[in-house]
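Participant: This is the structure, below, for whatever I ask next.
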Amino acid sequence: MERTELTPGYSISRVLNGLWQLSPGHTLAGRLDTADILHAFHELTERGMTTFDLADIYLGAEDVLGAFLRELRGSKGEGALTPDDIQIHEKYVPDYDILKTVSFADTERIIDRSLRKLGRDYIDLIQFHWWDYEVERYVEVAQNLVKLRDKGKIRHIGVTNFDTAHLAALVDAGIPVISCQSQYSVFDRRVERAMVEYGTSLDASSEAARGEGSAGRNMCGAGRNMGSAGRSAHIHQICYGTLAGGLLSEKYLDILRAGRTGDASLADIQPETRSQVKYLQIIDASLGADGYLRILELLNDIAREHGVQIAQVATRYVLQKTGVAAAIIGIRNSRHVAENARIGTLSLSADDVERIDALLAQYPTVPGEPYELERDPHSIFRSIIRMNEAEGGDHAAHGKNDAQNSKEGE
């Protein structure tokens with residue numbers, strides 16, 4: 001699998017293994033097989049997909065990844081992977097109910113809990129999420145992450161689900177942000193409005209880009225050099241929702257073609273996960289059922305020309321977009337390991353991209369900035385989001401409620 005540098009000295013695989021799907025709160029049908037998931041992790045990392053995306057609020061995900069890291073510690077033989085060969089991207093998502101009061105001690109406690117479950121002494125990238133910009137403490141709380149980085153518990157800082165203006169506020173305050181995780185797919189192109197241009201136009205000579213001052217010094221933690229604390233000139237996009245929870249696949253092309261009404265209808269699709277509930281809302285607000293069928297047919301035509309599947313074409317389309325460093329593909333089992341690996345060898349031609357762009361230009365994308373509608377309490381996009389998961393809904397309980405089971409709307 002190809003790799004990319006998010007900042008000098010820190011590289012990741014361009015396809016990340018997403019672990020939200022390991023949360024029981026995510027799955028509406030079926031059961032998870034932990035042994036098969038661990039088998040998938042071994043196969044994925046052996047194929048170069050060594051970067052994992054998760055959060056403490058995904059019930060069980062940290063425990064499964066921690067078990068995988070313990071297995072790697074016991075690996076023998078020349079060339080065997082070790083836990084240090086794995087990049088871990090976590091989320092820090094303070095509960096909505098405590099945004100006004102969350103302290104450095106609260107933040108450190110959550111990070112320490114993740115470190116214990118993972119069996120690691122540092123996290124490679126912490127991605128900061130903030131529920132309500134009207135609670136104007138997000139810069140202050142982000143600075144707590146800088147303090148934890150200086151203590152060696154975090155290597156790098158990113159954000160997730162920020163809009164352009166509030167990302168810029170963090171950068172202007174000197175927070176060394178190196179990445180932004182955003183939803184990006186053929187259905188949802190909100191990042192193209194302003195976010196990508198902002199992230200790719202930052203001046204490398206700025207103090208924030210150099211990481212000067214206490215927020216930018218090299219630091220050492222737990223006996224290892226943690227690398228440059230500053231970020232590169234650009235803030236890279238790490239994209240989720242690229243496959244719309246699996247809705248970009250041959251399975252759903254067949255379902256739409258065999259629709260009960262004779263015309264393409266979203267009502268013919270029964271969602272299997274909370275992701276699919278959300279992405280059906282996204283499709284309805286963008287391409288609609290007709291555009292959904294047309295994009296599946298086009299992606300299928302291109303996939304056949306390249307000897308791959310719809311999912312690989314949809315992912316590679318996003319990976320070839322300006323400003324995109326990586327895409328997150330959810331992992332629930334070992335069935336799709338080889339298919340995910342093929343993304344690394346696929347290259348779409350200029351004509352392929354133009355054909356997709358031309359079709360999408362006939363339809364609207366979701367309105368607003370990234371995650372803007374999801375923050376709106378009056379929006380349907382808010383319907384599946386749980387905003388008080390990090391503390392189990394009880395901030396006073398501290399460590400008593402470690403069983404969290406959702407994601408911040410992804």
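How things are named: the first chain in the structure tokens is A, the next is B, and so on; residues count from 1 in each chain; ligands count from 1 in the order shown.
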Could you go through region 48-278 of chain A and tell me which residues DSSP, when run on the backbone, assigns to strand (DSSP E), listing them as a ChimeraX atom specification?
Facilitator: /A:51-53,87-92,123-128,154-160,177-183,220-221,224-225,236-240
Participant: Near Ser13 (chain A), within 12 Å and counting only C-alpha atoms, which residues show up once chain neighbours fewer than 2 positions away are dropped, as a PyMOL selection string?
Facilitator: chain A and resi 1-6+10-11+15-17+44-53+85-89+238+319+325-329+340-341+343-344
Participant: State, in Å with one decimal place, the distance from CA of Tyr184 (chain A) to CA of Glu136 (chain A).
Facilitator: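 Calculated distance between CA of Tyr184 (chain A) and CA of Glu136 (chain A) is 26.6 Å.
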Participant: Work out how far CA of Phe128 (chain A) is from CA of Gly152 (chain A), in Å to one decimal.
Facilitator: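 Separating CA of Gly152 (chain A) from CA of Phe128 (chain A) is a distance of 17.2 Å.
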Participant: Please return as an MDAnalysis selection string: the residues of region 17-260 of chain A that backbone DSSP assigns to helix (DSSP H, G or I).
Facilitator: chainID A and resid 20:22 34:46 61:73 83:85 96:98 104:118 138:150 164:172 190:192 195:201 207:210 244:246 250:257
